[in-house]
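Data from entry-v3.json: JSON, C-alpha atoms
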[["chain", "number", "residue", "atom", "x", "y", "z"],
["A", 1, "MET", "CA", 85.58, 98.56, 78.16],
["A", 2, "ALA", "CA", 82.29, 97.12, 79.47],
["A", 3, "ARG", "CA", 79.33, 99.37, 78.98],
["A", 4, "THR", "CA", 77.59, 100.92, 81.98],
["A", 5, "ARG", "CA", 74.92, 98.59, 83.27],
["A", 6, "GLY", "CA", 72.48, 98.16, 86.12],
["A", 7, "ARG", "CA", 72.18, 95.11, 88.32],
["A", 8, "ILE", "CA", 69.35, 92.84, 89.38],
["A", 9, "THR", "CA", 68.28, 93.99, 92.83],
["A", 10, "PRO", "CA", 68.86, 91.71, 95.86],
["A", 11, "LEU", "CA", 65.08, 91.33, 96.18],
["A", 12, "LEU", "CA", 64.75, 90.16, 92.58],
["A", 13, "ALA", "CA", 67.69, 87.79, 93.01],
["A", 14, "LEU", "CA", 66.01, 86.31, 96.08],
["A", 15, "THR", "CA", 62.75, 86.00, 94.18],
["A", 16, "LEU", "CA", 64.51, 84.12, 91.41],
["A", 17, "ALA", "CA", 66.16, 81.78, 93.86],
["A", 18, "ALA", "CA", 62.90, 81.12, 95.70],
["A", 19, "GLY", "CA", 60.71, 80.77, 92.64],
["A", 20, "LEU", "CA", 62.93, 78.69, 90.41],
["A", 21, "THR", "CA", 63.41, 75.31, 92.05],
["A", 22, "LEU", "CA", 65.18, 73.79, 89.09],
["A", 23, "THR", "CA", 67.49, 70.78, 88.98],
["A", 24, "ALA", "CA", 70.24, 69.84, 86.55],
["A", 25, "THR", "CA", 68.91, 66.99, 84.43],
["A", 26, "ALA", "CA", 71.25, 67.15, 81.47],
["A", 27, "CYS", "CA", 71.54, 63.98, 79.41],
["A", 28, "GLY", "CA", 74.93, 62.68, 80.48],
["A", 29, "GLY", "CA", 75.42, 65.85, 82.53],
["A", 30, "ASP", "CA", 76.44, 66.56, 86.12],
["A", 31, "SER", "CA", 74.13, 67.97, 88.77],
["A", 32, "ASP", "CA", 76.99, 69.29, 90.93],
["A", 33, "ALA", "CA", 76.62, 73.02, 91.50],
["A", 34, "SER", "CA", 80.29, 73.55, 90.74],
["A", 35, "ASP", "CA", 79.58, 72.46, 87.17],
["A", 36, "GLY", "CA", 77.29, 75.42, 86.59],
["A", 37, "ALA", "CA", 78.35, 78.88, 85.45],
["A", 38, "LYS", "CA", 82.10, 79.00, 84.92],
["A", 39, "SER", "CA", 84.36, 81.80, 83.74],
["A", 40, "SER", "CA", 87.05, 81.79, 81.12],
["A", 41, "GLY", "CA", 88.88, 84.40, 83.19],
["A", 42, "GLY", "CA", 90.37, 87.65, 82.06],
["A", 43, "ALA", "CA", 89.67, 91.27, 82.91],
["A", 44, "GLY", "CA", 88.43, 94.27, 80.96],
["A", 45, "GLY", "CA", 86.07, 94.24, 78.02],
["A", 46, "PRO", "CA", 82.44, 93.17, 78.17],
["A", 47, "VAL", "CA", 81.10, 90.66, 80.69],
["A", 48, "VAL", "CA", 79.37, 87.91, 78.73],
["A", 49, "VAL", "CA", 77.10, 85.14, 79.98],
["A", 50, "ALA", "CA", 76.51, 82.35, 77.46],
["A", 51, "THR", "CA", 74.00, 79.56, 77.83],
["A", 52, "THR", "CA", 76.38, 76.90, 76.45],
["A", 53, "THR", "CA", 80.02, 76.46, 75.50],
["A", 54, "TRP", "CA", 79.01, 76.87, 71.86],
["A", 55, "GLU", "CA", 77.81, 80.44, 72.37],
["A", 56, "GLY", "CA", 80.69, 80.99, 74.79],
["A", 57, "ALA", "CA", 83.24, 79.89, 72.20],
["A", 58, "PHE", "CA", 81.82, 82.36, 69.67],
["A", 59, "ALA", "CA", 82.11, 85.11, 72.28],
["A", 60, "LYS", "CA", 85.71, 84.17, 73.06],
["A", 61, "ALA", "CA", 86.59, 84.04, 69.37],
["A", 62, "ALA", "CA", 85.09, 87.51, 68.97],
["A", 63, "GLY", "CA", 87.43, 88.89, 71.63],
["A", 64, "ALA", "CA", 85.47, 88.66, 74.89],
["A", 65, "LYS", "CA", 87.75, 87.76, 77.80],
["A", 66, "ASP", "CA", 85.22, 87.53, 80.63],
["A", 67, "VAL", "CA", 82.85, 84.75, 79.57],
["A", 68, "GLU", "CA", 80.65, 82.68, 81.88],
["A", 69, "VAL", "CA", 78.87, 79.54, 80.68],
["A", 70, "ILE", "CA", 75.68, 78.26, 82.28],
["A", 71, "VAL", "CA", 75.38, 74.74, 80.87],
["A", 72, "PRO", "CA", 78.38, 72.56, 81.80],
["A", 73, "SER", "CA", 80.32, 71.01, 78.95],
["A", 74, "SER", "CA", 79.61, 67.59, 80.48],
["A", 75, "ALA", "CA", 75.97, 67.91, 79.39],
["A", 76, "GLN", "CA", 75.62, 65.52, 76.45],
["A", 77, "HIS", "CA", 72.51, 67.27, 75.14],
["A", 78, "ALA", "CA", 72.66, 70.89, 76.22],
["A", 79, "PRO", "CA", 69.01, 71.79, 75.42],
["A", 80, "ASP", "CA", 67.90, 69.24, 78.04],
["A", 81, "TYR", "CA", 69.68, 71.10, 80.84],
["A", 82, "ASP", "CA", 67.53, 72.78, 83.49],
["A", 83, "PRO", "CA", 69.21, 75.96, 84.74],
["A", 84, "LYS", "CA", 69.52, 76.33, 88.51],
["A", 85, "PRO", "CA", 68.60, 79.59, 90.28],
["A", 86, "SER", "CA", 72.33, 80.25, 90.74],
["A", 87, "ASP", "CA", 72.82, 79.88, 86.99],
["A", 88, "LEU", "CA", 70.12, 82.41, 86.25],
["A", 89, "ALA", "CA", 71.46, 84.84, 88.85],
["A", 90, "ALA", "CA", 74.76, 84.90, 86.94],
["A", 91, "VAL", "CA", 73.19, 87.17, 84.34],
["A", 92, "ALA", "CA", 72.97, 89.95, 86.94],
["A", 93, "LYS", "CA", 76.54, 90.98, 86.22],
["A", 94, "ALA", "CA", 76.41, 90.57, 82.45],
["A", 95, "ASP", "CA", 76.71, 93.16, 79.73],
["A", 96, "PHE", "CA", 75.57, 90.60, 77.17],
["A", 97, "VAL", "CA", 73.64, 87.35, 77.45],
["A", 98, "LEU", "CA", 74.03, 84.95, 74.52],
["A", 99, "TYR", "CA", 71.48, 82.21, 73.84],
["A", 100, "ALA", "CA", 70.05, 80.12, 71.01],
["A", 101, "PRO", "CA", 66.34, 80.09, 70.12],
["A", 102, "PHE", "CA", 66.10, 76.27, 70.20],
["A", 103, "GLU", "CA", 67.11, 76.15, 73.87],
["A", 104, "PRO", "CA", 63.93, 75.63, 75.94],
["A", 105, "TYR", "CA", 65.32, 77.63, 78.84],
["A", 106, "ALA", "CA", 65.87, 80.74, 76.69],
["A", 107, "GLU", "CA", 62.76, 82.39, 78.10],
["A", 108, "GLN", "CA", 64.01, 81.83, 81.66],
["A", 109, "ILE", "CA", 67.32, 83.39, 80.70],
["A", 110, "LYS", "CA", 65.58, 86.40, 79.17],
["A", 111, "GLU", "CA", 63.36, 86.87, 82.22],
["A", 112, "ALA", "CA", 66.34, 86.65, 84.57],
["A", 113, "ALA", "CA", 68.28, 89.14, 82.49],
["A", 114, "GLY", "CA", 65.54, 91.74, 82.81],
["A", 115, "SER", "CA", 66.66, 95.05, 81.30],
["A", 116, "ASP", "CA", 70.21, 94.94, 82.65],
["A", 117, "ALA", "CA", 71.92, 92.89, 79.96],
["A", 118, "GLU", "CA", 71.71, 93.05, 76.20],
["A", 119, "LEU", "CA", 70.22, 89.81, 74.93],
["A", 120, "VAL", "CA", 71.89, 88.37, 71.85],
["A", 121, "GLU", "CA", 70.24, 85.52, 69.98],
["A", 122, "GLU", "CA", 72.71, 83.30, 68.15],
["A", 123, "LYS", "CA", 72.13, 80.98, 65.23],
["A", 124, "LEU", "CA", 74.60, 78.26, 66.05],
["A", 125, "ASP", "CA", 76.22, 76.69, 63.02],
["A", 126, "ASN", "CA", 79.80, 75.51, 62.46],
["A", 127, "ASP", "CA", 79.70, 76.19, 58.74],
["A", 128, "PRO", "CA", 82.87, 78.27, 58.12],
["A", 129, "ALA", "CA", 81.20, 81.23, 56.42],
["A", 130, "LYS", "CA", 78.52, 81.44, 59.12],
["A", 131, "VAL", "CA", 81.09, 81.14, 61.91],
["A", 132, "LYS", "CA", 83.16, 84.01, 60.57],
["A", 133, "ALA", "CA", 80.07, 86.18, 60.05],
["A", 134, "GLU", "CA", 78.91, 85.53, 63.60],
["A", 135, "VAL", "CA", 82.33, 86.25, 65.10],
["A", 136, "THR", "CA", 82.45, 89.51, 63.13],
["A", 137, "ARG", "CA", 78.95, 90.46, 64.32],
["A", 138, "LEU", "CA", 79.80, 89.79, 67.97],
["A", 139, "GLY", "CA", 83.07, 91.68, 67.65],
["A", 140, "LYS", "CA", 81.12, 94.76, 66.58],
["A", 141, "LEU", "CA", 78.69, 94.34, 69.49],
["A", 142, "PHE", "CA", 81.49, 93.90, 72.03],
["A", 143, "GLY", "CA", 83.73, 96.62, 70.61],
["A", 144, "THR", "CA", 86.42, 93.99, 69.94],
["A", 145, "GLU", "CA", 86.51, 94.12, 66.14],
["A", 146, "THR", "CA", 90.29, 93.85, 65.95],
["A", 147, "ALA", "CA", 90.38, 90.67, 68.02],
["A", 148, "ALA", "CA", 87.51, 89.18, 66.01],
["A", 149, "ALA", "CA", 89.27, 89.91, 62.71],
["A", 150, "LYS", "CA", 92.46, 88.34, 64.04],
["A", 151, "TRP", "CA", 90.61, 85.18, 65.07],
["A", 152, "ASN", "CA", 88.91, 84.92, 61.69],
["A", 153, "LYS", "CA", 92.31, 85.10, 60.02],
["A", 154, "SER", "CA", 93.65, 82.30, 62.22],
["A", 155, "PHE", "CA", 90.51, 80.29, 61.53],
["A", 156, "ASP", "CA", 91.03, 80.58, 57.77],
["A", 157, "ALA", "CA", 94.59, 79.28, 58.08],
["A", 158, "GLU", "CA", 93.61, 76.40, 60.39],
["A", 159, "TYR", "CA", 90.63, 75.36, 58.29],
["A", 160, "ALA", "CA", 92.66, 75.38, 55.06],
["A", 161, "ALA", "CA", 95.34, 73.20, 56.66],
["A", 162, "LEU", "CA", 92.78, 70.71, 57.99],
["A", 163, "ARG", "CA", 91.02, 70.48, 54.65],
["A", 164, "LYS", "CA", 94.31, 69.89, 52.85],
["A", 165, "ASP", "CA", 95.23, 67.07, 55.24],
["A", 166, "LEU", "CA", 91.80, 65.47, 54.82],
["A", 167, "GLU", "CA", 92.08, 65.53, 51.03],
["A", 168, "LYS", "CA", 95.32, 63.60, 51.34],
["A", 169, "ALA", "CA", 93.37, 60.84, 53.10],
["A", 170, "TRP", "CA", 90.88, 60.36, 50.23],
["A", 171, "LEU", "CA", 90.84, 56.78, 48.93],
["A", 172, "ASP", "CA", 92.49, 56.70, 45.47],
["A", 173, "GLY", "CA", 92.42, 60.49, 45.44],
["A", 174, "LYS", "CA", 88.61, 60.59, 45.12],
["A", 175, "ALA", "CA", 86.31, 62.54, 47.42],
["A", 176, "PRO", "CA", 84.26, 60.19, 49.63],
["A", 177, "THR", "CA", 80.47, 60.12, 49.57],
["A", 178, "ALA", "CA", 78.72, 60.88, 52.82],
["A", 179, "VAL", "CA", 75.35, 61.00, 54.52],
["A", 180, "ALA", "CA", 75.27, 63.64, 57.24],
["A", 181, "GLN", "CA", 73.00, 64.62, 60.09],
["A", 182, "VAL", "CA", 71.90, 68.15, 59.21],
["A", 183, "TYR", "CA", 73.91, 69.73, 62.05],
["A", 184, "SER", "CA", 77.03, 67.77, 61.08],
["A", 185, "ALA", "CA", 77.06, 68.65, 57.38],
["A", 186, "TRP", "CA", 79.82, 71.20, 58.02],
["A", 187, "SER", "CA", 82.24, 68.36, 58.76],
["A", 188, "ALA", "CA", 81.49, 66.75, 55.38],
["A", 189, "LYS", "CA", 82.20, 70.09, 53.73],
["A", 190, "MET", "CA", 85.51, 70.35, 55.57],
["A", 191, "ALA", "CA", 86.47, 66.86, 54.41],
["A", 192, "GLY", "CA", 85.56, 67.71, 50.82],
["A", 193, "ALA", "CA", 83.07, 64.86, 50.87],
["A", 194, "ARG", "CA", 80.19, 64.65, 48.42],
["A", 195, "ILE", "CA", 76.99, 64.69, 50.47],
["A", 196, "VAL", "CA", 74.49, 62.26, 48.95],
["A", 197, "GLY", "CA", 71.87, 62.66, 51.65],
["A", 198, "THR", "CA", 71.03, 64.18, 55.03],
["A", 199, "TYR", "CA", 68.81, 63.21, 57.95],
["A", 200, "GLY", "CA", 67.42, 64.72, 61.15],
["A", 201, "PRO", "CA", 66.84, 66.54, 63.31],
["A", 202, "GLU", "CA", 63.51, 64.69, 63.31],
["A", 203, "ALA", "CA", 63.45, 60.93, 63.82],
["A", 204, "VAL", "CA", 64.54, 59.03, 60.72],
["A", 205, "THR", "CA", 61.76, 57.03, 59.08],
["A", 206, "ALA", "CA", 62.14, 53.55, 57.64],
["A", 207, "LYS", "CA", 61.73, 54.94, 54.13],
["A", 208, "GLN", "CA", 64.45, 57.54, 54.72],
["A", 209, "LEU", "CA", 66.81, 54.83, 55.96],
["A", 210, "SER", "CA", 66.08, 52.76, 52.88],
["A", 211, "ASP", "CA", 66.64, 55.71, 50.56],
["A", 212, "LEU", "CA", 69.88, 56.70, 52.29],
["A", 213, "SER", "CA", 71.20, 53.14, 52.16],
["A", 214, "LYS", "CA", 70.65, 53.04, 48.42],
["A", 215, "LYS", "CA", 73.02, 55.99, 48.08],
["A", 216, "LYS", "CA", 75.83, 53.66, 49.27],
["A", 217, "PRO", "CA", 77.72, 56.33, 51.25],
["A", 218, "ALA", "CA", 81.24, 55.66, 52.46],
["A", 219, "LEU", "CA", 80.67, 57.76, 55.58],
["A", 220, "VAL", "CA", 77.81, 58.61, 57.93],
["A", 221, "LEU", "CA", 78.56, 61.82, 59.83],
["A", 222, "ASP", "CA", 76.37, 61.65, 62.90],
["A", 223, "ASN", "CA", 75.66, 64.32, 65.51],
["A", 224, "VAL", "CA", 76.68, 62.92, 68.91],
["A", 225, "HIS", "CA", 74.41, 65.39, 70.69],
["A", 226, "MET", "CA", 71.31, 64.00, 68.93],
["A", 227, "SER", "CA", 72.45, 60.50, 68.05],
["A", 228, "THR", "CA", 69.98, 57.63, 67.79],
["A", 229, "GLY", "CA", 72.68, 55.00, 67.44],
["A", 230, "LYS", "CA", 73.81, 53.29, 64.26],
["A", 231, "VAL", "CA", 72.11, 55.05, 61.38],
["A", 232, "LEU", "CA", 72.81, 52.71, 58.44],
["A", 233, "PRO", "CA", 73.89, 49.47, 60.14],
["A", 234, "ASP", "CA", 73.79, 47.27, 57.03],
["A", 235, "SER", "CA", 75.20, 49.71, 54.49],
["A", 236, "GLY", "CA", 78.89, 49.18, 55.12],
["A", 237, "ALA", "CA", 79.31, 52.91, 55.73],
["A", 238, "ARG", "CA", 81.60, 54.00, 58.54],
["A", 239, "GLN", "CA", 79.78, 56.16, 61.06],
["A", 240, "VAL", "CA", 81.63, 59.09, 62.62],
["A", 241, "GLY", "CA", 80.42, 60.95, 65.70],
["A", 242, "ILE", "CA", 80.74, 64.70, 65.19],
["A", 243, "VAL", "CA", 80.87, 66.98, 68.25],
["A", 244, "ASN", "CA", 79.53, 70.51, 67.75],
["A", 245, "TYR", "CA", 79.99, 71.89, 71.27],
["A", 246, "PRO", "CA", 83.45, 73.07, 72.36],
["A", 247, "ALA", "CA", 84.91, 71.98, 75.69],
["A", 248, "GLN", "CA", 84.97, 74.19, 78.78],
["A", 249, "ASP", "CA", 88.09, 75.97, 77.46],
["A", 250, "LEU", "CA", 85.82, 77.47, 74.76],
["A", 251, "ASP", "CA", 88.28, 76.67, 71.98],
["A", 252, "LEU", "CA", 86.14, 76.64, 68.85],
["A", 253, "LEU", "CA", 89.05, 75.64, 66.63],
["A", 254, "ALA", "CA", 89.42, 72.41, 68.62],
["A", 255, "VAL", "CA", 85.98, 71.35, 67.36],
["A", 256, "TYR", "CA", 87.32, 71.38, 63.79],
["A", 257, "ARG", "CA", 90.56, 69.62, 64.73],
["A", 258, "ASN", "CA", 88.71, 66.86, 66.56],
["A", 259, "ALA", "CA", 86.23, 66.37, 63.72],
["A", 260, "ALA", "CA", 89.06, 66.28, 61.18],
["A", 261, "ARG", "CA", 90.88, 63.58, 63.14],
["A", 262, "ALA", "CA", 87.74, 61.47, 63.45],
["A", 263, "VAL", "CA", 86.85, 61.74, 59.75],
["A", 264, "GLU", "CA", 90.42, 61.09, 58.63],
["A", 265, "LYS", "CA", 90.58, 57.96, 60.80],
["A", 266, "ALA", "CA", 87.34, 56.68, 59.24],
["A", 267, "MET", "CA", 88.55, 57.36, 55.70],
["A", 268, "LYS", "CA", 91.83, 55.55, 56.29],
["A", 269, "ALA", "CA", 90.01, 52.60, 57.86],
["A", 270, "SER", "CA", 87.92, 52.33, 54.68],
["A", 271, "ALA", "CA", 91.03, 52.02, 52.50]]

Take the structure in the file and give it back as structure tokens.
Amino acid sequence: MARTRGRITPLLALTLAAGLTLTATACGGDSDASDGAKSSGGAGGPVVVATTTWEGAFAKAAGAKDVEVIVPSSAQHAPDYDPKPSDLAAVAKADFVLYAPFEPYAEQIKEAAGSDAELVEEKLDNDPAKVKAEVTRLGKLFGTETAAAKWNKSFDAEYAALRKDLEKAWLDGKAPTAVAQVYSAWSAKMAGARIVGTYGPEAVTAKQLSDLSKKKPALVLDNVHMSTGKVLPDSGARQVGIVNYPAQDLDLLAVYRNAARAVEKAMKASA
């Protein structure tokens, strides 16, 4: 059951709308107002507003049924999105507002939330152990521990199956070597790859590129949300675009399935 909460007054809501003349400028995003805050549906339980589908997917996995997302999934680089006044007003009905510290609009979200919603800072990471810990933490906050535990169990089964399938795709039964963008290293771990180097999130220097090329990786696991194009163009490595953000359906498991398919395709192409 959602906890008792206050609401942002009509005057404050009007002030927000008048004072925040923001436009959607997401990289690859959509400025249509209908692409703003969207709900996953459902009734009962806590009302959760999440800045992106990544936070929203964690909330859904933890058992929240009423989840609204501010940044549309069409935004290629979510931190570049500028929330609209209508987006910020969505927090008025929230029990919890989930955000990440690297999002530049986090302060706007916190100001809009006022004292009505409980602000929850998330450390977004698709590493399996961190995902399960975060889902467990949110389940305790939401009062949905049973649902969170059930999801973690299904995650374990899905992840084990994906990893087993990926191992079958190893060339000559040997784990591939990989260079990974720091926020895509989880996909190398899932594939059982041996990480010989990482790069990012800062711009890659010429020396770093030279050093990474010398490692002769079979795979380059790039982060599509922060991609700078072909990372090691002359190395012979196959580059794979890894997507961290779930789609609007907030299915976090789909992120792992999609990454597994992409990595498996690259490994088979290298055979």

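One finds atom CA of A:Ala193 at 5.0 Å from atom CA of A:Pro176.
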
Protein and nucleic acid residues near (83.8, 72.1, 74.5) (cut-off 10 Å, only C-alpha atoms) as a list in words: Thr52, Thr53, Trp54, Gly56, Ala57, Pro72, Ser73, Ser74, Val243, Asn244, Tyr245, Pro246, Ala247, Gln248, Asp249, Leu250, Asp251, Leu252, Ala254 and Val255 of chain A

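Nearest to A:Pro201 of all the residues A:His225, A:Ala94, A:Ile242, A:Pro217 is A:His225, counting only C-alpha atoms.
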
d(atom CA of A:Gln181, atom CA of A:Met226) in Å: 9.0 Å

With a distance cut-off of 10 Å and all atoms listed in the file, select the neighbouring residues of A:Ser235, excluding the residue or stretch itself and same-chain residues fewer than 5 positions from it, and output the selection as a short mmCIF file (atom, residue, chain, number, x, y, z; two decimals) with C-alpha atoms, in the frame of the given file.
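Written file, around-v2.cif:
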data_model
loop_
_atom_site.label_atom_id
_atom_site.label_comp_id
_atom_site.auth_asym_id
_atom_site.auth_seq_id
_atom_site.Cartn_x
_atom_site.Cartn_y
_atom_site.Cartn_z
CA LEU A 209 66.81 54.83 55.96
CA SER A 210 66.08 52.76 52.88
CA LEU A 212 69.88 56.70 52.29
CA SER A 213 71.20 53.14 52.16
CA LYS A 214 70.65 53.04 48.42
CA LYS A 215 73.02 55.99 48.08
CA LYS A 216 75.83 53.66 49.27
CA PRO A 217 77.72 56.33 51.25
CA ALA A 218 81.24 55.66 52.46
CA LEU A 219 80.67 57.76 55.58
CA VAL A 220 77.81 58.61 57.93
#

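Using all atoms listed in the file, the nearest neighbour of A:Tyr256 within the list A:Val131, A:Ala50, A:Ala62, A:Leu88 is A:Val131.
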
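What separates atom CA of A:Thr177 from atom CA of A:Ala78 is a distance of 29.8 Å.
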
Selection near A:Ser270, 10 Å with only C-alpha atoms, sequence-local residues under 5 positions removed, as a list in words: Trp170, Leu171, Ala218, Leu219, Gly236, Ala237, Arg238, Glu264 and Lys265 of chain A

Residue with smallest distance to A:Lys130 - pool A:Ala266, A:Lys168, A:Phe58, A:Ala64, counting only C-alpha atoms: A:Phe58

Residues near A:Gly200, cut-off 8 Å, all atoms listed in the file, skip fewer than 2 positions along chain, as a ChimeraX atom specification: /A:181-182,198,202-204

Of the listed residues A:Ala160, A:Ser227, A:Gly63, A:Pro128, that which approaches A:Lys140 most closely, counting all atoms listed in the file: A:Gly63

Distance query stretch 155-158 of chain A at most 9 Å, all atoms listed in the file, self and fewer than 5 positions along chain excluded, as a PyMOL selection string: chain A and resi 128+132+150+163+253+256-257

Nearest-residue call for A:Lys268, choices A:Lys230, A:Ala169, A:Ala180, A:Gly241, using only C-alpha atoms: A:Ala169

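If you count only C-alpha atoms and ignore residues fewer than 5 places along the chain from A:Val97, what sits within 8 Å of it is Val48, Val49, Ala50, Thr51, Val91, Ala113, Ala117, Glu118, Leu119 and Val120 of chain A.
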
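Comparing the minimum interatomic distances between A:Thr146 and each of A:Val263, A:Glu111, A:Ala61, A:Asp95, counting only C-alpha atoms, we find that A:Ala61 sits nearest.
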